[in-house]
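Heads up, run_27.txt below (compact mmCIF, C-alpha atoms (C1' of nucleotides)):
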```txt
# COMPACT_ATOMS: atom_id res chain seq x y z
CA MET A 226 11.45 -51.81 -55.90
CA ALA A 227 11.41 -48.07 -56.32
CA VAL A 228 7.72 -48.37 -55.56
CA THR A 229 6.59 -45.73 -58.03
CA THR A 230 3.56 -44.82 -56.02
CA PRO A 231 1.13 -42.87 -58.13
CA ALA A 232 1.35 -39.30 -56.97
CA ARG A 233 -2.39 -39.23 -56.63
CA GLU A 234 -2.69 -41.88 -53.95
CA ARG A 235 0.48 -40.88 -52.17
CA THR A 236 -0.66 -37.30 -51.54
CA ARG A 237 -4.15 -38.41 -50.64
CA ARG A 238 -2.83 -40.88 -48.11
CA GLU A 239 -0.54 -38.31 -46.53
CA ILE A 240 -3.40 -35.85 -46.17
CA VAL A 241 -5.50 -38.47 -44.39
CA ARG A 242 -2.56 -39.46 -42.20
CA GLN A 243 -1.88 -35.91 -41.05
CA ALA A 244 -5.56 -35.07 -40.72
CA MET A 245 -6.01 -38.05 -38.39
CA ALA A 246 -3.12 -36.88 -36.20
CA LEU A 247 -4.42 -33.32 -36.05
CA PHE A 248 -8.04 -34.33 -35.40
CA GLN A 249 -6.83 -36.61 -32.65
CA ALA A 250 -4.64 -33.96 -31.04
CA GLY A 251 -6.88 -30.93 -31.29
CA GLY A 252 -10.29 -32.06 -32.41
CA TYR A 253 -12.13 -31.76 -35.69
CA ASN A 254 -13.52 -28.28 -35.28
CA ALA A 255 -10.26 -26.82 -34.03
CA THR A 256 -8.33 -28.17 -37.01
CA SER A 257 -8.44 -26.05 -40.15
CA LEU A 258 -7.87 -27.16 -43.71
CA GLN A 259 -4.76 -24.99 -43.69
CA ASP A 260 -3.43 -26.93 -40.70
CA ILE A 261 -3.94 -30.20 -42.53
CA ALA A 262 -2.36 -28.88 -45.71
CA THR A 263 0.69 -27.54 -43.89
CA ALA A 264 1.20 -30.80 -42.03
CA ALA A 265 0.81 -32.79 -45.24
CA GLY A 266 3.26 -30.54 -47.06
CA CYS A 267 0.86 -29.19 -49.63
CA SER A 268 -1.51 -26.29 -50.08
CA LYS A 269 -5.02 -25.99 -48.77
CA ALA A 270 -6.29 -25.99 -52.34
CA THR A 271 -4.69 -29.40 -52.86
CA VAL A 272 -6.63 -30.81 -49.95
CA LEU A 273 -9.81 -29.55 -51.57
CA TYR A 274 -8.64 -30.95 -54.89
CA HIS A 275 -8.53 -34.44 -53.42
CA PHE A 276 -11.57 -34.11 -51.13
CA SER A 277 -14.88 -32.44 -51.75
CA GLY A 278 -14.72 -30.63 -48.41
CA LYS A 279 -13.74 -30.87 -44.80
CA PRO A 280 -16.40 -33.48 -43.96
CA ALA A 281 -15.04 -35.67 -46.76
CA VAL A 282 -11.60 -35.55 -45.11
CA LEU A 283 -13.20 -36.66 -41.86
CA ALA A 284 -15.00 -39.48 -43.61
CA ALA A 285 -11.72 -40.67 -45.11
CA VAL A 286 -10.12 -40.63 -41.67
CA LEU A 287 -12.92 -42.69 -40.17
CA GLU A 288 -13.25 -45.06 -43.12
CA PRO A 289 -10.90 -47.91 -42.10
CA ALA A 290 -12.44 -48.18 -38.65
CA ALA A 291 -15.94 -47.94 -40.09
CA ALA A 292 -15.15 -50.77 -42.50
CA ASP A 293 -13.82 -53.00 -39.72
CA LEU A 294 -16.88 -52.32 -37.60
CA ALA A 295 -19.22 -53.07 -40.46
CA GLU A 296 -17.43 -56.37 -41.01
CA LEU A 297 -17.76 -57.24 -37.33
CA VAL A 298 -21.47 -56.47 -37.33
CA THR A 299 -22.19 -58.61 -40.37
CA ALA A 300 -20.17 -61.46 -38.86
CA ALA A 301 -22.09 -61.25 -35.60
CA ALA A 302 -25.40 -61.19 -37.44
CA GLU A 303 -24.87 -64.76 -38.65
CA LEU A 304 -24.10 -66.22 -35.22
CA PRO A 305 -26.33 -67.46 -32.41
CA ARG A 306 -26.80 -64.94 -29.66
CA ALA A 307 -24.26 -66.18 -27.13
CA ALA A 308 -21.56 -66.61 -29.76
CA ALA A 309 -22.32 -63.18 -31.20
CA GLN A 310 -21.91 -61.65 -27.76
CA GLU A 311 -18.58 -63.36 -27.19
CA LEU A 312 -17.38 -62.38 -30.65
CA THR A 313 -18.30 -58.72 -30.26
CA ILE A 314 -16.68 -58.50 -26.84
CA GLN A 315 -13.40 -59.87 -28.12
CA ARG A 316 -13.30 -58.26 -31.52
CA PHE A 317 -14.58 -54.84 -30.54
CA ILE A 318 -11.88 -54.45 -27.93
CA ASP A 319 -9.26 -55.17 -30.56
CA LEU A 320 -11.01 -52.83 -32.94
CA ALA A 321 -11.18 -49.95 -30.48
CA VAL A 322 -7.58 -50.41 -29.39
CA GLU A 323 -6.29 -50.65 -32.93
CA HIS A 324 -8.26 -47.63 -34.08
CA ARG A 325 -7.92 -45.66 -30.89
CA GLY A 326 -7.01 -42.60 -32.90
CA VAL A 327 -10.33 -42.79 -34.67
CA VAL A 328 -12.08 -43.27 -31.35
CA ASP A 329 -10.50 -40.05 -30.21
CA VAL A 330 -11.70 -38.21 -33.26
CA LEU A 331 -15.18 -39.65 -33.02
CA GLN A 332 -15.75 -38.42 -29.49
CA ASP A 333 -15.05 -34.89 -30.65
CA VAL A 334 -17.37 -35.19 -33.61
CA ILE A 335 -20.30 -36.69 -31.72
CA PRO A 336 -21.87 -33.34 -30.75
CA VAL A 337 -21.95 -32.29 -34.40
CA ILE A 338 -22.70 -35.70 -35.84
CA GLU A 339 -26.26 -34.96 -36.81
CA GLN A 340 -25.15 -32.69 -39.65
CA MET A 341 -22.67 -35.26 -40.95
CA PRO A 342 -24.38 -37.85 -43.13
CA GLU A 343 -20.92 -39.19 -44.01
CA VAL A 344 -20.58 -40.87 -40.63
CA ALA A 345 -24.17 -41.99 -40.15
CA PRO A 346 -23.46 -45.64 -41.17
CA LEU A 347 -20.68 -45.84 -38.60
CA VAL A 348 -23.02 -44.73 -35.85
CA ALA A 349 -25.69 -47.14 -37.00
CA ASP A 350 -23.25 -50.04 -36.93
CA GLY A 351 -22.14 -49.01 -33.46
CA LEU A 352 -25.71 -49.18 -32.25
CA ARG A 353 -26.24 -52.58 -33.81
CA MET A 354 -23.08 -53.91 -32.23
CA THR A 355 -24.24 -52.71 -28.85
CA GLN A 356 -27.25 -54.96 -29.13
CA TYR A 357 -25.13 -57.96 -30.01
CA MET A 358 -22.81 -57.23 -27.12
CA ALA A 359 -25.64 -57.07 -24.63
CA GLY A 360 -26.45 -60.69 -25.42
CA SER A 361 -30.00 -60.25 -24.20
CA ASP A 362 -33.15 -58.27 -24.88
CA ASP A 363 -33.32 -57.28 -21.23
CA PRO A 364 -33.32 -53.45 -21.27
CA LEU A 365 -30.98 -53.43 -18.30
CA GLU A 366 -28.38 -55.51 -20.09
CA GLN A 367 -28.80 -53.37 -23.18
CA ASP A 368 -28.12 -50.27 -21.11
CA LEU A 369 -25.17 -51.94 -19.45
CA ALA A 370 -23.72 -52.74 -22.87
CA LYS A 371 -24.03 -49.08 -23.82
CA PHE A 372 -22.43 -48.21 -20.52
CA ALA A 373 -19.60 -50.62 -21.28
CA ILE A 374 -18.96 -49.17 -24.71
CA ASN A 375 -18.95 -45.64 -23.37
CA GLY A 376 -16.40 -46.65 -20.78
CA LEU A 377 -14.32 -48.50 -23.32
CA LEU A 378 -14.26 -45.63 -25.78
CA GLY A 379 -13.39 -43.22 -23.02
CA GLU A 380 -10.58 -45.46 -21.90
CA CYS A 381 -9.09 -45.53 -25.40
CA ARG A 382 -8.91 -41.76 -25.51
CA HIS A 383 -5.56 -40.16 -24.84
CA SER A 384 -4.01 -43.34 -23.56
CA ASP A 385 -0.93 -43.36 -25.72
CA GLU A 386 1.30 -44.19 -22.80
CA ARG A 387 -0.44 -47.51 -22.26
CA THR A 388 0.54 -50.55 -24.30
CA ASP A 389 -2.04 -52.15 -26.52
CA ASP A 390 -1.96 -55.34 -24.47
CA ASP A 391 -2.54 -53.55 -21.18
CA LEU A 392 -5.42 -51.64 -22.68
CA ARG A 393 -6.92 -54.80 -24.13
CA ARG A 394 -6.63 -56.63 -20.83
CA LEU A 395 -8.29 -53.80 -18.92
CA CYS A 396 -11.18 -53.55 -21.35
CA ASP A 397 -11.69 -57.29 -21.31
CA ILE A 398 -11.97 -57.37 -17.52
CA ALA A 399 -14.28 -54.38 -17.46
CA LEU A 400 -16.61 -55.70 -20.13
CA ARG A 401 -16.87 -59.15 -18.53
CA ARG A 402 -17.58 -57.67 -15.13
CA LEU A 403 -20.24 -55.38 -16.53
CA LEU A 404 -21.86 -58.00 -18.72
CA ARG A 405 -21.49 -60.77 -16.15
CA ARG A 406 -19.37 -63.00 -18.33
CA ALA A 407 -16.34 -63.19 -16.05
CA MET B 247 -28.96 -3.94 0.99
CA ALA B 248 -31.79 -4.09 -1.51
CA VAL B 249 -31.18 -7.79 -2.11
CA THR B 250 -28.50 -6.91 -4.68
CA THR B 251 -29.38 -5.32 -7.98
CA PRO B 252 -32.44 -7.15 -9.33
CA ALA B 253 -31.89 -6.46 -13.01
CA ARG B 254 -28.20 -7.28 -12.86
CA GLU B 255 -28.61 -10.77 -11.47
CA ARG B 256 -31.72 -11.52 -13.47
CA THR B 257 -30.06 -10.90 -16.82
CA ARG B 258 -26.90 -12.70 -15.78
CA ARG B 259 -28.86 -15.73 -14.70
CA GLU B 260 -30.84 -15.83 -17.93
CA ILE B 261 -27.64 -15.71 -19.98
CA VAL B 262 -26.23 -18.66 -18.04
CA ARG B 263 -29.52 -20.54 -18.35
CA GLN B 264 -29.67 -20.14 -22.12
CA ALA B 265 -25.95 -20.75 -22.57
CA MET B 266 -26.29 -24.06 -20.73
CA ALA B 267 -29.13 -25.14 -23.00
CA LEU B 268 -27.26 -24.16 -26.15
CA PHE B 269 -23.96 -25.71 -25.05
CA GLN B 270 -25.82 -28.89 -24.21
CA ALA B 271 -27.68 -29.02 -27.49
CA GLY B 272 -24.94 -28.01 -29.91
CA GLY B 273 -21.67 -27.95 -28.03
CA TYR B 274 -19.49 -25.14 -26.78
CA ASN B 275 -17.57 -24.47 -29.96
CA ALA B 276 -20.63 -24.54 -32.17
CA THR B 277 -22.44 -21.99 -29.99
CA SER B 278 -21.64 -18.35 -30.70
CA LEU B 279 -22.01 -15.43 -28.34
CA GLN B 280 -24.66 -14.13 -30.69
CA ASP B 281 -26.64 -17.36 -30.27
CA ILE B 282 -26.51 -16.99 -26.51
CA ALA B 283 -27.47 -13.33 -26.64
CA THR B 284 -30.44 -13.97 -28.94
CA ALA B 285 -31.70 -16.82 -26.76
CA ALA B 286 -31.33 -14.69 -23.65
CA GLY B 287 -33.14 -11.77 -25.27
CA CYS B 288 -30.29 -9.31 -25.16
CA SER B 289 -27.41 -8.18 -27.33
CA LYS B 290 -24.06 -9.87 -27.72
CA ALA B 291 -22.47 -6.81 -26.14
CA THR B 292 -24.56 -7.37 -23.04
CA VAL B 293 -23.22 -10.90 -22.68
CA LEU B 294 -19.70 -9.48 -22.79
CA TYR B 295 -20.73 -6.79 -20.34
CA HIS B 296 -21.61 -9.43 -17.77
CA PHE B 297 -18.81 -11.88 -18.62
CA SER B 298 -15.21 -11.24 -19.51
CA GLY B 299 -15.42 -13.57 -22.49
CA LYS B 300 -16.80 -16.80 -23.83
CA PRO B 301 -14.73 -18.97 -21.45
CA ALA B 302 -16.15 -17.03 -18.53
CA VAL B 303 -19.66 -17.91 -19.69
CA LEU B 304 -18.64 -21.56 -19.77
CA ALA B 305 -17.17 -21.31 -16.28
CA ALA B 306 -20.43 -19.85 -14.99
CA VAL B 307 -22.35 -22.73 -16.59
CA LEU B 308 -20.11 -25.32 -14.97
CA GLU B 309 -19.87 -23.58 -11.61
CA PRO B 310 -22.73 -25.26 -9.68
CA ALA B 311 -21.61 -28.75 -10.65
CA ALA B 312 -18.00 -27.90 -9.90
CA ALA B 313 -18.98 -26.69 -6.45
CA ASP B 314 -20.90 -29.86 -5.68
CA LEU B 315 -18.02 -32.02 -6.85
CA ALA B 316 -15.54 -30.06 -4.74
CA GLU B 317 -17.76 -30.55 -1.73
CA LEU B 318 -17.94 -34.29 -2.37
CA VAL B 319 -14.19 -34.58 -2.68
CA THR B 320 -13.51 -32.76 0.56
CA ALA B 321 -16.09 -34.92 2.33
CA ALA B 322 -14.49 -38.11 1.01
CA ALA B 323 -11.05 -36.92 2.05
CA GLU B 324 -12.02 -37.11 5.73
CA LEU B 325 -13.35 -40.68 5.59
CA PRO B 326 -11.63 -44.07 5.81
CA ARG B 327 -11.04 -45.69 2.47
CA ALA B 328 -14.00 -48.06 2.30
CA ALA B 329 -16.44 -45.41 3.48
CA ALA B 330 -15.01 -42.90 1.02
CA GLN B 331 -15.55 -45.37 -1.81
CA GLU B 332 -19.14 -46.01 -0.83
CA LEU B 333 -19.80 -42.29 -0.44
CA THR B 334 -18.36 -41.40 -3.83
CA ILE B 335 -20.26 -44.17 -5.57
CA GLN B 336 -23.57 -43.02 -4.15
CA ARG B 337 -23.09 -39.29 -4.26
CA PHE B 338 -21.38 -39.05 -7.62
CA ILE B 339 -24.23 -40.84 -9.31
CA ASP B 340 -26.65 -38.31 -7.87
CA LEU B 341 -24.34 -35.52 -8.88
CA ALA B 342 -23.96 -36.68 -12.45
CA VAL B 343 -27.67 -37.28 -12.85
CA GLU B 344 -28.62 -33.95 -11.34
CA HIS B 345 -26.09 -32.04 -13.41
CA ARG B 346 -26.42 -34.14 -16.53
CA GLY B 347 -26.64 -30.99 -18.61
CA VAL B 348 -23.22 -29.96 -17.37
CA VAL B 349 -21.92 -33.45 -18.07
CA ASP B 350 -23.06 -33.01 -21.63
CA VAL B 351 -21.25 -29.71 -21.93
CA LEU B 352 -18.10 -31.05 -20.34
CA GLN B 353 -17.69 -33.89 -22.81
CA ASP B 354 -17.66 -31.39 -25.63
CA VAL B 355 -15.14 -29.16 -23.90
CA ILE B 356 -12.68 -31.90 -22.97
CA PRO B 357 -10.70 -31.76 -26.22
CA VAL B 358 -10.10 -28.04 -25.70
CA ILE B 359 -9.81 -28.12 -21.95
CA GLU B 360 -6.09 -27.54 -21.85
CA GLN B 361 -6.50 -23.92 -22.90
CA MET B 362 -9.22 -23.30 -20.32
CA PRO B 363 -7.74 -22.57 -16.91
CA GLU B 364 -11.24 -21.71 -15.71
CA VAL B 365 -12.24 -25.37 -15.56
CA ALA B 366 -8.95 -26.85 -14.36
CA PRO B 367 -10.12 -27.22 -10.73
CA LEU B 368 -13.15 -29.18 -11.89
CA VAL B 369 -10.96 -31.63 -13.77
CA ALA B 370 -8.58 -31.95 -10.84
CA ASP B 371 -11.47 -32.75 -8.49
CA GLY B 372 -12.73 -35.31 -10.96
CA LEU B 373 -9.38 -37.05 -10.93
CA ARG B 374 -9.23 -37.03 -7.14
CA MET B 375 -12.71 -38.49 -6.92
CA THR B 376 -11.75 -41.29 -9.27
CA GLN B 377 -9.09 -42.37 -6.79
CA TYR B 378 -11.56 -42.40 -3.93
CA MET B 379 -14.02 -44.38 -5.98
CA ALA B 380 -11.46 -47.04 -6.85
CA GLY B 381 -11.15 -47.82 -3.16
CA SER B 382 -7.73 -49.32 -3.71
CA ASP B 383 -4.25 -48.42 -4.89
CA ASP B 384 -4.30 -51.40 -7.25
CA PRO B 385 -3.70 -49.89 -10.71
CA LEU B 386 -6.30 -52.23 -12.18
CA GLU B 387 -9.00 -51.00 -9.84
CA GLN B 388 -7.92 -47.40 -10.48
CA ASP B 389 -8.32 -47.99 -14.19
CA LEU B 390 -11.65 -49.68 -13.66
CA ALA B 391 -12.84 -46.66 -11.71
CA LYS B 392 -11.88 -44.41 -14.62
CA PHE B 393 -13.65 -46.84 -16.91
CA ALA B 394 -16.73 -46.63 -14.70
CA ILE B 395 -16.78 -42.85 -14.70
CA ASN B 396 -16.38 -42.71 -18.45
CA GLY B 397 -19.30 -45.06 -18.84
CA LEU B 398 -21.39 -43.11 -16.36
CA LEU B 399 -20.74 -39.75 -17.98
CA GLY B 400 -21.49 -41.22 -21.37
CA GLU B 401 -24.72 -42.65 -20.06
CA CYS B 402 -25.83 -39.27 -18.74
CA ARG B 403 -25.40 -37.68 -22.16
CA HIS B 404 -28.51 -37.18 -24.23
CA SER B 405 -30.68 -39.32 -22.01
CA ASP B 406 -33.49 -36.89 -21.44
CA GLU B 407 -36.11 -39.52 -22.08
CA ARG B 408 -34.99 -41.56 -19.08
CA THR B 409 -36.21 -40.72 -15.62
CA ASP B 410 -33.69 -39.70 -13.00
CA ASP B 411 -34.46 -42.79 -10.93
CA ASP B 412 -33.95 -45.19 -13.83
CA LEU B 413 -30.66 -43.54 -14.67
CA ARG B 414 -29.54 -43.67 -11.05
CA ARG B 415 -30.44 -47.34 -10.76
CA LEU B 416 -28.56 -48.23 -13.92
CA CYS B 417 -25.43 -46.37 -12.87
CA ASP B 418 -25.54 -47.94 -9.43
CA ILE B 419 -25.65 -51.46 -10.87
CA ALA B 420 -22.91 -50.73 -13.36
CA LEU B 421 -20.57 -49.17 -10.83
CA ARG B 422 -21.01 -51.99 -8.34
CA ARG B 423 -20.42 -54.64 -10.98
CA LEU B 424 -17.31 -52.90 -12.22
CA LEU B 425 -15.91 -52.16 -8.78
CA ARG B 426 -16.96 -55.52 -7.33
CA ARG B 427 -19.19 -54.08 -4.63
CA ALA B 428 -22.43 -55.74 -5.71
C1' DT C 294 9.78 -34.69 -78.15
C1' DT C 295 5.52 -33.08 -77.30
C1' DG C 296 1.03 -31.90 -75.92
C1' DA C 297 -2.87 -32.85 -73.28
C1' DA C 298 -4.42 -34.40 -68.92
C1' DA C 299 -3.48 -34.57 -64.05
C1' DA C 300 -1.71 -32.49 -60.03
C1' DC C 301 -1.06 -28.59 -57.72
C1' DT C 302 -1.06 -23.63 -56.12
C1' DG C 303 -1.63 -18.45 -54.84
C1' DG C 304 -4.92 -15.37 -54.29
C1' DC C 305 -9.23 -14.19 -53.38
C1' DC C 306 -14.17 -14.44 -51.62
C1' DG C 307 -18.18 -14.12 -48.36
C1' DA C 308 -19.39 -15.49 -43.87
C1' DT C 309 -18.75 -15.70 -39.16
C1' DC C 310 -16.20 -15.61 -35.17
C1' DG C 311 -14.94 -13.28 -30.37
C1' DG C 312 -14.23 -9.01 -28.81
C1' DT C 313 -14.08 -3.55 -28.42
C1' DC C 314 -15.94 0.92 -28.01
C1' DA C 315 -18.46 5.10 -27.98
C1' DG C 316 -22.60 6.25 -26.80
C1' DT C 317 -27.86 5.79 -25.32
C1' DC C 318 -31.05 5.55 -21.68
C1' DA C 319 -33.68 4.93 -17.36
C1' DG C 320 -33.83 6.20 -12.78
C1' DG C 321 -31.98 7.30 -8.08
C1' DA C 322 -29.46 10.83 -5.35
C1' DT C 323 -28.62 15.64 -4.72
C1' DA D 284 -33.83 20.35 -12.57
C1' DT D 285 -29.29 18.40 -12.74
C1' DC D 286 -25.99 14.99 -12.63
C1' DC D 287 -24.28 10.53 -12.22
C1' DT D 288 -24.03 5.76 -12.87
C1' DG D 289 -25.22 0.97 -13.93
C1' DA D 290 -27.30 -1.56 -17.64
C1' DC D 291 -27.35 -2.03 -22.15
C1' DT D 292 -26.66 -1.61 -27.32
C1' DG D 293 -25.38 -0.93 -32.54
C1' DA D 294 -21.65 -0.52 -35.26
C1' DC D 295 -17.48 -1.98 -36.16
C1' DC D 296 -12.79 -4.44 -35.95
C1' DG D 297 -9.14 -7.92 -37.10
C1' DA D 298 -8.71 -12.66 -37.59
C1' DT D 299 -9.89 -16.90 -39.44
C1' DC D 300 -12.75 -20.02 -41.45
C1' DG D 301 -14.20 -23.25 -45.65
C1' DG D 302 -14.36 -23.00 -50.26
C1' DC D 303 -13.55 -21.44 -55.22
C1' DC D 304 -11.08 -20.45 -59.45
C1' DA D 305 -7.75 -19.10 -62.91
C1' DG D 306 -3.50 -20.27 -63.89
C1' DT D 307 1.05 -22.83 -63.37
C1' DT D 308 3.81 -26.98 -63.01
C1' DT D 309 4.40 -31.91 -63.40
C1' DT D 310 3.50 -36.29 -65.41
C1' DC D 311 3.33 -39.52 -68.94
C1' DA D 312 1.48 -41.85 -73.03
C1' DA D 313 1.89 -41.40 -77.94
```

What does the file become when written as structure tokens?
Amino acid sequence: MAVTTPARERTRREIVRQAMALFQAGGYNATSLQDIATAAGCSKATVLYHFSGKPAVLAAVLEPAAADLAELVTAAAELPRAAAQELTIQRFIDLAVEHRGVVDVLQDVIPVIEQMPEVAPLVADGLRMTQYMAGSDDPLEQDLAKFAINGLLGECRHSDERTDDDLRRLCDIALRRLLRRA
Amino acid sequence: MAVTTPARERTRREIVRQAMALFQAGGYNATSLQDIATAAGCSKATVLYHFSGKPAVLAAVLEPAAADLAELVTAAAELPRAAAQELTIQRFIDLAVEHRGVVDVLQDVIPVIEQMPEVAPLVADGLRMTQYMAGSDDPLEQDLAKFAINGLLGECRHSDERTDDDLRRLCDIALRRLLRRA
DNA sequence: TTGAAAACTGGCCGATCGGTCAGTCAGGAT
DNA sequence: ATCCTGACTGACCGATCGGCCAGTTTTCAA
């Protein structure tokens, strides 16, 4: 079909698409609204017509990953501890690999995250997931889970040359070594 | 010599001290020269009198950590492989913990690091050290070493409430689990 | 066909950035 | 007393930022 996409959603989607690429390549702060507009083939005013401001563009970029993470957290919440740990290990690797662009963006935003209420739920879910992944209340294991996630997120940054499967395999080995579930 | 100019070095040192604190708290990009000047109790022009520009201030902040890392790398280069791995594991943990403020700053600068020739040697040394820490040419172990360093650097960020010893112990356990040297 | 709503834009605004420059000032050498 | 110089500063610059608004173009139901 000629897929008569409503102009509204089509432009909006393209802005988010290009914003993601630019945030990933150069970081949030270094990307201007003009850069996004130019890449999306519209004017800066159009970007601000669709989004209330630059933070809103960021929130839209992060939204799909945030939704997936929220779903994972709620799923883990209804499982016994060991199963929740196994689920989070498996699913979070997939999630991070699939949304590695978002991971890239997030790392850049972290220093300025306090002033961004738009991404607060994402951070909160991340913290909750860390606890599930630890699989224990032992502070050491909790810290090791945080350590694991830091390593995983770092590994997903700027690793476009690696295949998804290779990346998944590496993260799986690393997480199981760290969390003693080899 | 009269122990070098007292005022000169005193002001310079204070600028670096305050710049480090501000970079650590808010990030490099979010910190203006005016912020640094105000914190150091001088004018913005004075900061630019002592340093050729904002990147030069950053380089001065990173310098002590960069020097320590360079020393570690050269020491590891003269050791057999297994000894070099053990040395880097032990010493790099100390280094990261001791310079955790610099680690904080570095994470923020990474996205923009390509345009900063001042810090290129530091990054190069970091890469070299990763290879020593892997202790093997196996690509998997190399990747795991990168994974470990990412986790370690992440762990050293914003962990002021933890004691140095606790942080060191955690990193030691994590590295040995990941690199199979428990 | 038409007219109102939606989509879009050029131009402008105030704020802030890193950086420059002419000049002030204290104090040591002569 | 004079001069010089290193340390320092206020005022200012061009560039760029996010955001705003009046006005134009496109869309589409009636």

Distance-based interface of chain D with chain A, 9 Å, counting all atoms listed in the file, as a list in words: DC300, DG301 and DG302 of chain D

Could you give me, as CSV, a per-residue list for chain A showing, wherever an atom lies at most 10 Å from an atom of chain C, the closest pair of atoms and their distance in Å to one decimal, using all atoms listed in the file and sorting by chain then residue number from low to high?
```
residue,atom,partner,partner_atom,distance
A:Ala232,CA,C:DA300,C1',8.1
A:Arg233,CA,C:DA300,C1',7.6
A:Thr236,CA,C:DA300,C1',9.8
A:Cys267,CA,C:DC301,C1',8.3
A:Ser268,CA,C:DT302,C1',6.6
A:Lys269,CA,C:DT302,C1',8.7
A:Ala270,CA,C:DT302,C1',6.9
A:Thr271,CA,C:DC301,C1',6.1
A:Val272,CA,C:DC301,C1',9.8
A:Tyr274,CA,C:DC301,C1',8.4
A:His275,CA,C:DA300,C1',9.7
```

Under the rule of at most 8 Å, produce a per-residue listing of chain B near chain A: chain, number, name, the closest pair of atoms, and the distance in Å, as a Markdown table, using all atoms listed in the file.
```
| residue | atom | partner | partner_atom | distance |
| --- | --- | --- | --- | --- |
| B:Ala271 | CA | A:Pro336 | CA | 7.9 |
| B:Gly272 | CA | A:Pro336 | CA | 6.2 |
| B:Gly273 | CA | A:Pro336 | CA | 6.0 |
| B:Asn275 | CA | A:Asn254 | CA | 7.7 |
| B:Asp354 | CA | A:Asp333 | CA | 6.7 |
| B:Pro357 | CA | A:Gly252 | CA | 6.2 |
| B:Val358 | CA | A:Gly251 | CA | 7.1 |
| B:Leu386 | CA | A:Leu395 | CA | 7.2 |
| B:Asp389 | CA | A:Leu395 | CA | 7.5 |
| B:Leu390 | CA | A:Ala399 | CA | 6.6 |
| B:Lys392 | CA | A:Glu380 | CA | 7.5 |
| B:Phe393 | CA | A:Gly376 | CA | 4.8 |
| B:Ala394 | CA | A:Gly376 | CA | 6.1 |
| B:Ile395 | CA | A:Gly376 | CA | 7.2 |
| B:Asn396 | CA | A:Gly376 | CA | 4.6 |
| B:Gly397 | CA | A:Gly376 | CA | 3.8 |
| B:Leu398 | CA | A:Phe372 | CA | 6.7 |
| B:Gly400 | CA | A:Asn375 | CA | 5.5 |
| B:Glu401 | CA | A:Phe372 | CA | 6.0 |
| B:Leu416 | CA | A:Leu365 | CA | 7.2 |
| B:Ala420 | CA | A:Leu403 | CA | 6.2 |
| B:Arg423 | CA | A:Leu403 | CA | 5.6 |
| B:Leu424 | CA | A:Arg402 | CA | 5.6 |
```

Could you give me, as a tab-separated table (two decimals) with C-alpha atoms, keeping the file's coordinate frame, the residues within 10 Å of region 317-320 of chain B, counting all atoms listed in the file and dropping anything in the same chain fewer than 2 positions from it?
```tsv
chain	number	residue	atom	x	y	z
B	311	ALA	CA	-21.61	-28.75	-10.65
B	312	ALA	CA	-18.00	-27.90	-9.90
B	313	ALA	CA	-18.98	-26.69	-6.45
B	314	ASP	CA	-20.90	-29.86	-5.68
B	315	LEU	CA	-18.02	-32.02	-6.85
B	322	ALA	CA	-14.49	-38.11	1.01
B	323	ALA	CA	-11.05	-36.92	2.05
B	324	GLU	CA	-12.02	-37.11	5.73
B	325	LEU	CA	-13.35	-40.68	5.59
B	330	ALA	CA	-15.01	-42.90	1.02
B	333	LEU	CA	-19.80	-42.29	-0.44
B	334	THR	CA	-18.36	-41.40	-3.83
B	337	ARG	CA	-23.09	-39.29	-4.26
B	338	PHE	CA	-21.38	-39.05	-7.62
B	341	LEU	CA	-24.34	-35.52	-8.88
B	371	ASP	CA	-11.47	-32.75	-8.49
B	372	GLY	CA	-12.73	-35.31	-10.96
B	373	LEU	CA	-9.38	-37.05	-10.93
B	374	ARG	CA	-9.23	-37.03	-7.14
B	375	MET	CA	-12.71	-38.49	-6.92
B	376	THR	CA	-11.75	-41.29	-9.27
B	378	TYR	CA	-11.56	-42.40	-3.93
```

Separation of CA of Leu304 (chain B) from CA of Glu344 (chain B) in Å: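 We find that CA of Glu344 (chain B) and CA of Leu304 (chain B) lie 18.0 Å from each other.
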
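Nearest to Met245 (chain A) of all the residues A:Gly326, A:Thr263, A:Ala281, A:Ala345 is A:Gly326, counting all atoms listed in the file.
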
Distance of CA of Leu287 (chain A) from CA of Met341 (chain A), expressed in Å to one decimal place: 12.3 Å

Interatomic distance, CA of Glu332 (chain B) to CA of Pro364 (chain A) (Å, one decimal):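 Rounded to one decimal, the two atoms are 26.0 Å apart.
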